[in-house]
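run03.pdb follows (PDB, C-alpha atoms and all ligand atoms):
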```
ATOM      1  CA  MET A   1      85.782  77.980 111.840  1.00  0.00           C
ATOM      2  CA  ALA A   2      82.468  76.148 111.723  1.00  0.00           C
ATOM      3  CA  SER A   3      82.543  73.036 109.600  1.00  0.00           C
ATOM      4  CA  HIS A   4      79.654  72.178 107.347  1.00  0.00           C
ATOM      5  CA  ALA A   5      77.828  68.918 106.953  1.00  0.00           C
ATOM      6  CA  CYS A   6      77.841  68.975 103.176  1.00  0.00           C
ATOM      7  CA  ILE A   7      80.425  66.515 101.921  1.00  0.00           C
ATOM      8  CA  ASP A   8      78.463  65.196  98.959  1.00  0.00           C
ATOM      9  CA  PRO A   9      80.216  66.458  95.823  1.00  0.00           C
ATOM     10  CA  LYS A  10      76.941  66.084  93.928  1.00  0.00           C
ATOM     11  CA  HIS A  11      75.301  68.592  96.226  1.00  0.00           C
ATOM     12  CA  HIS A  12      74.100  71.446  94.060  1.00  0.00           C
ATOM     13  CA  VAL A  13      72.024  74.452  94.920  1.00  0.00           C
ATOM     14  CA  HIS A  14      68.647  73.181  93.782  1.00  0.00           C
ATOM     15  CA  ASP A  15      66.374  75.582  95.552  1.00  0.00           C
ATOM     16  CA  ALA A  16      67.335  79.111  94.467  1.00  0.00           C
ATOM     17  CA  PRO A  17      64.829  81.039  96.651  1.00  0.00           C
ATOM     18  CA  GLY A  18      65.760  78.889  99.661  1.00  0.00           C
ATOM     19  CA  PHE A  19      69.426  79.575  98.956  1.00  0.00           C
ATOM     20  CA  VAL A  20      68.852  83.325  98.773  1.00  0.00           C
ATOM     21  CA  HIS A  21      67.044  83.118 102.125  1.00  0.00           C
ATOM     22  CA  ALA A  22      69.944  81.215 103.657  1.00  0.00           C
ATOM     23  CA  VAL A  23      72.332  83.937 102.467  1.00  0.00           C
ATOM     24  CA  GLU A  24      69.955  86.592 103.805  1.00  0.00           C
ATOM     25  CA  ARG A  25      70.161  84.954 107.229  1.00  0.00           C
ATOM     26  CA  ALA A  26      73.946  84.649 106.988  1.00  0.00           C
ATOM     27  CA  CYS A  27      74.180  88.349 106.061  1.00  0.00           C
ATOM     28  CA  HIS A  28      72.032  89.262 109.034  1.00  0.00           C
ATOM     29  CA  GLU A  29      74.238  87.252 111.391  1.00  0.00           C
ATOM     30  CA  ARG A  30      77.408  88.789 109.978  1.00  0.00           C
ATOM     31  CA  GLY A  31      76.110  92.358 109.909  1.00  0.00           C
ATOM     32  CA  LEU A  32      76.034  92.520 106.098  1.00  0.00           C
ATOM     33  CA  ARG A  33      73.295  93.885 103.902  1.00  0.00           C
ATOM     34  CA  LEU A  34      71.810  91.839 101.081  1.00  0.00           C
ATOM     35  CA  THR A  35      70.406  94.684  98.997  1.00  0.00           C
ATOM     36  CA  PRO A  36      67.751  93.948  96.333  1.00  0.00           C
ATOM     37  CA  ILE A  37      70.309  93.972  93.496  1.00  0.00           C
ATOM     38  CA  ARG A  38      72.674  91.695  95.438  1.00  0.00           C
ATOM     39  CA  ALA A  39      69.790  89.315  96.165  1.00  0.00           C
ATOM     40  CA  ARG A  40      68.754  89.407  92.514  1.00  0.00           C
ATOM     41  CA  VAL A  41      72.232  88.655  91.182  1.00  0.00           C
ATOM     42  CA  LEU A  42      72.586  85.857  93.739  1.00  0.00           C
ATOM     43  CA  GLY A  43      69.190  84.433  92.773  1.00  0.00           C
ATOM     44  CA  LEU A  44      70.118  84.384  89.082  1.00  0.00           C
ATOM     45  CA  ILE A  45      73.401  82.599  89.776  1.00  0.00           C
ATOM     46  CA  ALA A  46      71.733  80.043  92.068  1.00  0.00           C
ATOM     47  CA  ASP A  47      68.887  79.539  89.617  1.00  0.00           C
ATOM     48  CA  GLY A  48      71.188  78.590  86.761  1.00  0.00           C
ATOM     49  CA  GLY A  49      72.616  75.611  88.641  1.00  0.00           C
ATOM     50  CA  LYS A  50      75.553  75.857  86.261  1.00  0.00           C
ATOM     51  CA  PRO A  51      78.330  78.450  86.082  1.00  0.00           C
ATOM     52  CA  LEU A  52      76.939  81.719  84.761  1.00  0.00           C
ATOM     53  CA  LYS A  53      79.086  84.078  82.710  1.00  0.00           C
ATOM     54  CA  ALA A  54      79.086  87.774  83.594  1.00  0.00           C
ATOM     55  CA  TYR A  55      77.832  88.582  80.111  1.00  0.00           C
ATOM     56  CA  ASP A  56      74.781  86.312  80.509  1.00  0.00           C
ATOM     57  CA  LEU A  57      74.187  87.635  83.970  1.00  0.00           C
ATOM     58  CA  LEU A  58      74.117  91.237  82.722  1.00  0.00           C
ATOM     59  CA  GLU A  59      71.768  90.165  79.963  1.00  0.00           C
ATOM     60  CA  GLN A  60      69.388  88.521  82.438  1.00  0.00           C
ATOM     61  CA  VAL A  61      69.444  91.491  84.780  1.00  0.00           C
ATOM     62  CA  ARG A  62      68.699  93.821  81.872  1.00  0.00           C
ATOM     63  CA  SER A  63      65.824  91.725  80.593  1.00  0.00           C
ATOM     64  CA  GLY A  64      64.306  91.436  84.056  1.00  0.00           C
ATOM     65  CA  GLU A  65      61.114  93.295  84.871  1.00  0.00           C
ATOM     66  CA  GLY A  66      60.606  95.996  87.479  1.00  0.00           C
ATOM     67  CA  ALA A  67      63.690  96.135  89.695  1.00  0.00           C
ATOM     68  CA  GLY A  68      65.719  94.656  86.851  1.00  0.00           C
ATOM     69  CA  ALA A  69      67.082  97.842  85.363  1.00  0.00           C
ATOM     70  CA  ALA A  70      70.569  97.885  86.886  1.00  0.00           C
ATOM     71  CA  ALA A  71      73.643  99.284  85.153  1.00  0.00           C
ATOM     72  CA  PRO A  72      76.626  96.957  84.637  1.00  0.00           C
ATOM     73  CA  PRO A  73      78.789  98.651  87.326  1.00  0.00           C
ATOM     74  CA  THR A  74      76.013  98.002  89.851  1.00  0.00           C
ATOM     75  CA  VAL A  75      75.930  94.351  88.866  1.00  0.00           C
ATOM     76  CA  TYR A  76      79.729  94.095  89.108  1.00  0.00           C
ATOM     77  CA  ARG A  77      79.667  95.684  92.553  1.00  0.00           C
ATOM     78  CA  ALA A  78      77.023  93.159  93.620  1.00  0.00           C
ATOM     79  CA  LEU A  79      79.257  90.347  92.305  1.00  0.00           C
ATOM     80  CA  ASP A  80      82.229  91.757  94.251  1.00  0.00           C
ATOM     81  CA  PHE A  81      80.185  91.742  97.440  1.00  0.00           C
ATOM     82  CA  LEU A  82      78.972  88.169  96.912  1.00  0.00           C
ATOM     83  CA  LEU A  83      82.507  86.981  96.093  1.00  0.00           C
ATOM     84  CA  ALA A  84      84.167  88.795  98.982  1.00  0.00           C
ATOM     85  CA  ASN A  85      81.754  87.217 101.446  1.00  0.00           C
ATOM     86  CA  GLY A  86      81.980  83.693 100.090  1.00  0.00           C
ATOM     87  CA  PHE A  87      78.400  83.385  98.816  1.00  0.00           C
ATOM     88  CA  ILE A  88      79.553  82.671  95.270  1.00  0.00           C
ATOM     89  CA  HIS A  89      82.762  81.517  93.604  1.00  0.00           C
ATOM     90  CA  LYS A  90      84.362  82.729  90.408  1.00  0.00           C
ATOM     91  CA  LEU A  91      85.703  80.110  88.022  1.00  0.00           C
ATOM     92  CA  GLU A  92      88.646  81.891  86.442  1.00  0.00           C
ATOM     93  CA  SER A  93      89.246  79.375  83.655  1.00  0.00           C
ATOM     94  CA  VAL A  94      85.728  79.763  82.259  1.00  0.00           C
ATOM     95  CA  ASN A  95      85.132  83.276  83.576  1.00  0.00           C
ATOM     96  CA  ALA A  96      81.836  82.336  85.221  1.00  0.00           C
ATOM     97  CA  PHE A  97      80.187  82.387  88.630  1.00  0.00           C
ATOM     98  CA  VAL A  98      78.603  79.638  90.731  1.00  0.00           C
ATOM     99  CA  ALA A  99      76.740  79.702  94.023  1.00  0.00           C
ATOM    100  CA  CYS A 100      78.622  78.320  97.018  1.00  0.00           C
ATOM    101  CA  HIS A 101      77.071  75.221  98.573  1.00  0.00           C
ATOM    102  CA  HIS A 102      77.676  76.384 102.100  1.00  0.00           C
ATOM    103  CA  PRO A 103      77.028  80.115 102.413  1.00  0.00           C
ATOM    104  CA  ASN A 104      77.524  80.037 106.174  1.00  0.00           C
ATOM    105  CA  THR A 105      81.284  79.760 105.894  1.00  0.00           C
ATOM    106  CA  ALA A 106      83.325  82.836 105.088  1.00  0.00           C
ATOM    107  CA  GLN A 107      85.250  83.307 101.859  1.00  0.00           C
ATOM    108  CA  HIS A 108      87.244  80.146 101.157  1.00  0.00           C
ATOM    109  CA  SER A 109      89.483  78.659  98.494  1.00  0.00           C
ATOM    110  CA  VAL A 110      88.255  75.380  97.091  1.00  0.00           C
ATOM    111  CA  PRO A 111      89.248  73.206  94.149  1.00  0.00           C
ATOM    112  CA  PHE A 112      86.603  72.949  91.433  1.00  0.00           C
ATOM    113  CA  LEU A 113      85.864  70.082  89.077  1.00  0.00           C
ATOM    114  CA  ILE A 114      84.495  71.485  85.840  1.00  0.00           C
ATOM    115  CA  CYS A 115      82.817  69.271  83.262  1.00  0.00           C
ATOM    116  CA  ASP A 116      83.621  70.383  79.717  1.00  0.00           C
ATOM    117  CA  ARG A 117      80.590  68.596  78.303  1.00  0.00           C
ATOM    118  CA  CYS A 118      77.620  69.532  80.525  1.00  0.00           C
ATOM    119  CA  HIS A 119      79.434  72.521  82.104  1.00  0.00           C
ATOM    120  CA  ASN A 120      78.574  71.516  85.645  1.00  0.00           C
ATOM    121  CA  ALA A 121      81.052  72.646  88.270  1.00  0.00           C
ATOM    122  CA  VAL A 122      81.286  71.104  91.721  1.00  0.00           C
ATOM    123  CA  GLU A 123      83.408  72.015  94.695  1.00  0.00           C
ATOM    124  CA  LEU A 124      85.871  69.359  95.703  1.00  0.00           C
ATOM    125  CA  GLU A 125      85.304  69.558  99.422  1.00  0.00           C
ATOM    126  CA  ASP A 126      88.733  68.610 100.652  1.00  0.00           C
ATOM    127  CA  LYS A 127      90.456  71.116 102.889  1.00  0.00           C
ATOM    128  CA  HIS A 128      93.758  69.228 102.683  1.00  0.00           C
ATOM    129  CA  VAL A 129      94.446  70.151  99.060  1.00  0.00           C
ATOM    130  CA  VAL A 130      94.168  73.851  99.793  1.00  0.00           C
ATOM    131  CA  ALA A 131      95.994  73.577 103.113  1.00  0.00           C
ATOM    132  CA  GLN A 132      98.862  71.616 101.623  1.00  0.00           C
ATOM    133  CA  LEU A 133      99.417  74.080  98.778  1.00  0.00           C
ATOM    134  CA  ASP A 134      99.327  76.896 101.276  1.00  0.00           C
ATOM    135  CA  GLU A 135     101.837  75.123 103.512  1.00  0.00           C
ATOM    136  CA  ARG A 136     104.250  74.354 100.673  1.00  0.00           C
ATOM    137  CA  ALA A 137     104.113  77.963  99.478  1.00  0.00           C
ATOM    138  CA  ARG A 138     104.806  79.290 102.979  1.00  0.00           C
ATOM    139  CA  ALA A 139     107.702  76.873 103.401  1.00  0.00           C
ATOM    140  CA  LEU A 140     109.324  78.720 100.500  1.00  0.00           C
ATOM    141  CA  GLY A 141     108.712  82.045 102.173  1.00  0.00           C
ATOM    142  CA  PHE A 142     105.849  82.821  99.815  1.00  0.00           C
ATOM    143  CA  MET A 143     102.806  84.619 101.258  1.00  0.00           C
ATOM    144  CA  PRO A 144      99.769  83.101  99.511  1.00  0.00           C
ATOM    145  CA  GLN A 145      96.671  85.245  99.217  1.00  0.00           C
ATOM    146  CA  ALA A 146      94.480  83.426  96.733  1.00  0.00           C
ATOM    147  CA  GLN A 147      94.296  80.047  95.060  1.00  0.00           C
ATOM    148  CA  THR A 148      92.697  79.119  91.771  1.00  0.00           C
ATOM    149  CA  LEU A 149      92.301  75.360  91.479  1.00  0.00           C
ATOM    150  CA  GLU A 150      90.187  74.242  88.570  1.00  0.00           C
ATOM    151  CA  VAL A 151      90.242  70.747  87.140  1.00  0.00           C
ATOM    152  CA  HIS A 152      88.700  70.276  83.680  1.00  0.00           C
ATOM    153  CA  GLY A 153      87.355  67.011  82.348  1.00  0.00           C
ATOM    154  CA  LEU A 154      84.193  64.919  82.265  1.00  0.00           C
ATOM    155  CA  CYS A 155      81.851  64.523  85.228  1.00  0.00           C
ATOM    156  CA  ALA A 156      80.785  61.008  86.256  1.00  0.00           C
ATOM    157  CA  ASP A 157      77.514  61.212  84.309  1.00  0.00           C
ATOM    158  CA  CYS A 158      79.151  62.476  81.119  1.00  0.00           C
ATOM    159  CA  ALA A 159      82.025  59.994  81.435  1.00  0.00           C
ATOM    160  CA  ARG A 160      79.488  57.169  81.615  1.00  0.00           C
ATOM    161  CA  ALA A 161      77.663  58.470  78.568  1.00  0.00           C
ATOM    162  CA  ALA A 162      80.891  58.924  76.580  1.00  0.00           C
TER     163      ALA A 162
HETATM  164 ZN    ZN B   1      82.179  77.253  98.491  1.00  0.00          ZN
HETATM  165 ZN    ZN B   2      79.154  66.503  82.708  1.00  0.00          ZN
END
```
Here is a file; write its structure as structure tokens.
Ligand SMILES: [Zn+2]
Ligand SMILES: [Zn+2]
Amino acid sequence: MASHACIDPKHHVHDAPGFVHAVERACHERGLRLTPIRARVLGLIADGGKPLKAYDLLEQVRSGEGAGAAAPPTVYRALDFLLANGFIHKLESVNAFVACHHPNTAQHSVPFLICDRCHNAVELEDKHVVAQLDERARALGFMPQAQTLEVHGLCADCARAA
């Protein structure tokens, strides 16, 4: 698996259109199709910079002009596609979605650090945590299929301000 250069935990998706283009390229390389609604949902999630709840996402899609009129099932299917291909992550504990910093890697488990004050969420880019949990589970004969690792607290900025 290709490794990625991004090891800065402060690395956020700042440039939403650029991010959508990067995913477009990744889709092309992997033989996937980034349909207009998928691109739109992805753009909204990247644009927020912070985890976006499905409810707010639906609201934003509905209030959008032109191509915006998509029914909720269409939006949920777009989310499923983006999740399955590792372009976004779902934060189970806050029921919200964030863009993945490195859309060129396939679907991956990653621990998240979630700030309860400013609601920022960053990926803790440490493969060992995930690998070790996986290993320990397998040692017990357990077949792991998914991991949800979400750490709540205060981010460095909020901790300083507290
Ligand atoms: Zn990721
Ligand atoms: Zn914070």
Closest to A:Ala54 among A:Gln132, A:Thr148, A:Asn95, A:Asn85, using all atoms listed in the file?
A:Asn95
Which residues are near A:Ile37? Cut-off 8 Å, all atoms listed in the file, ignore same chain within fewer than 4 positions. Put them as a ChimeraX atom specification.
/A:41,67,70,74-75,78
Closest contacts (chain A/ligand ZN 1 (chain B), max 8 Å, all atoms listed in the file) as a tab-separated table:
```
residue	atom	partner	partner_atom	distance
A:Gly86	CA	B:ZN1	ZN	6.6
A:Phe87	CA	B:ZN1	ZN	7.2
A:Ile88	CA	B:ZN1	ZN	6.8
A:His89	CA	B:ZN1	ZN	6.5
A:Ala99	CA	B:ZN1	ZN	7.5
A:Cys100	CA	B:ZN1	ZN	4.0
A:His101	CA	B:ZN1	ZN	5.5
A:His102	CA	B:ZN1	ZN	5.8
A:Pro103	CA	B:ZN1	ZN	7.1
A:Thr105	CA	B:ZN1	ZN	7.9
A:Gln107	CA	B:ZN1	ZN	7.6
A:His108	CA	B:ZN1	ZN	6.4
A:Ser109	CA	B:ZN1	ZN	7.4
A:Val110	CA	B:ZN1	ZN	6.5
A:Glu123	CA	B:ZN1	ZN	6.6
```
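Listed by chain and then residue number, the contacts of ligand ZN 2 (chain B) are Leu113, Ile114, Cys115, Asp116, Arg117, Cys118, His119, Asn120, Ala121, Gly153, Leu154, Cys155, Ala156, Asp157, Cys158, Ala159, Arg160, Ala161 and Ala162 of chain A (distance at most 10 Å, using all atoms listed in the file).
For the choices A:Arg62, A:Lys53, A:Lys127, A:Arg138, the atom-to-atom distance to A:Phe97 is smallest for A:Lys53 when using only C-alpha atoms.
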A straight line from atom CA of A:Ala46 to atom CA of A:Ala16 spans 5.1 Å
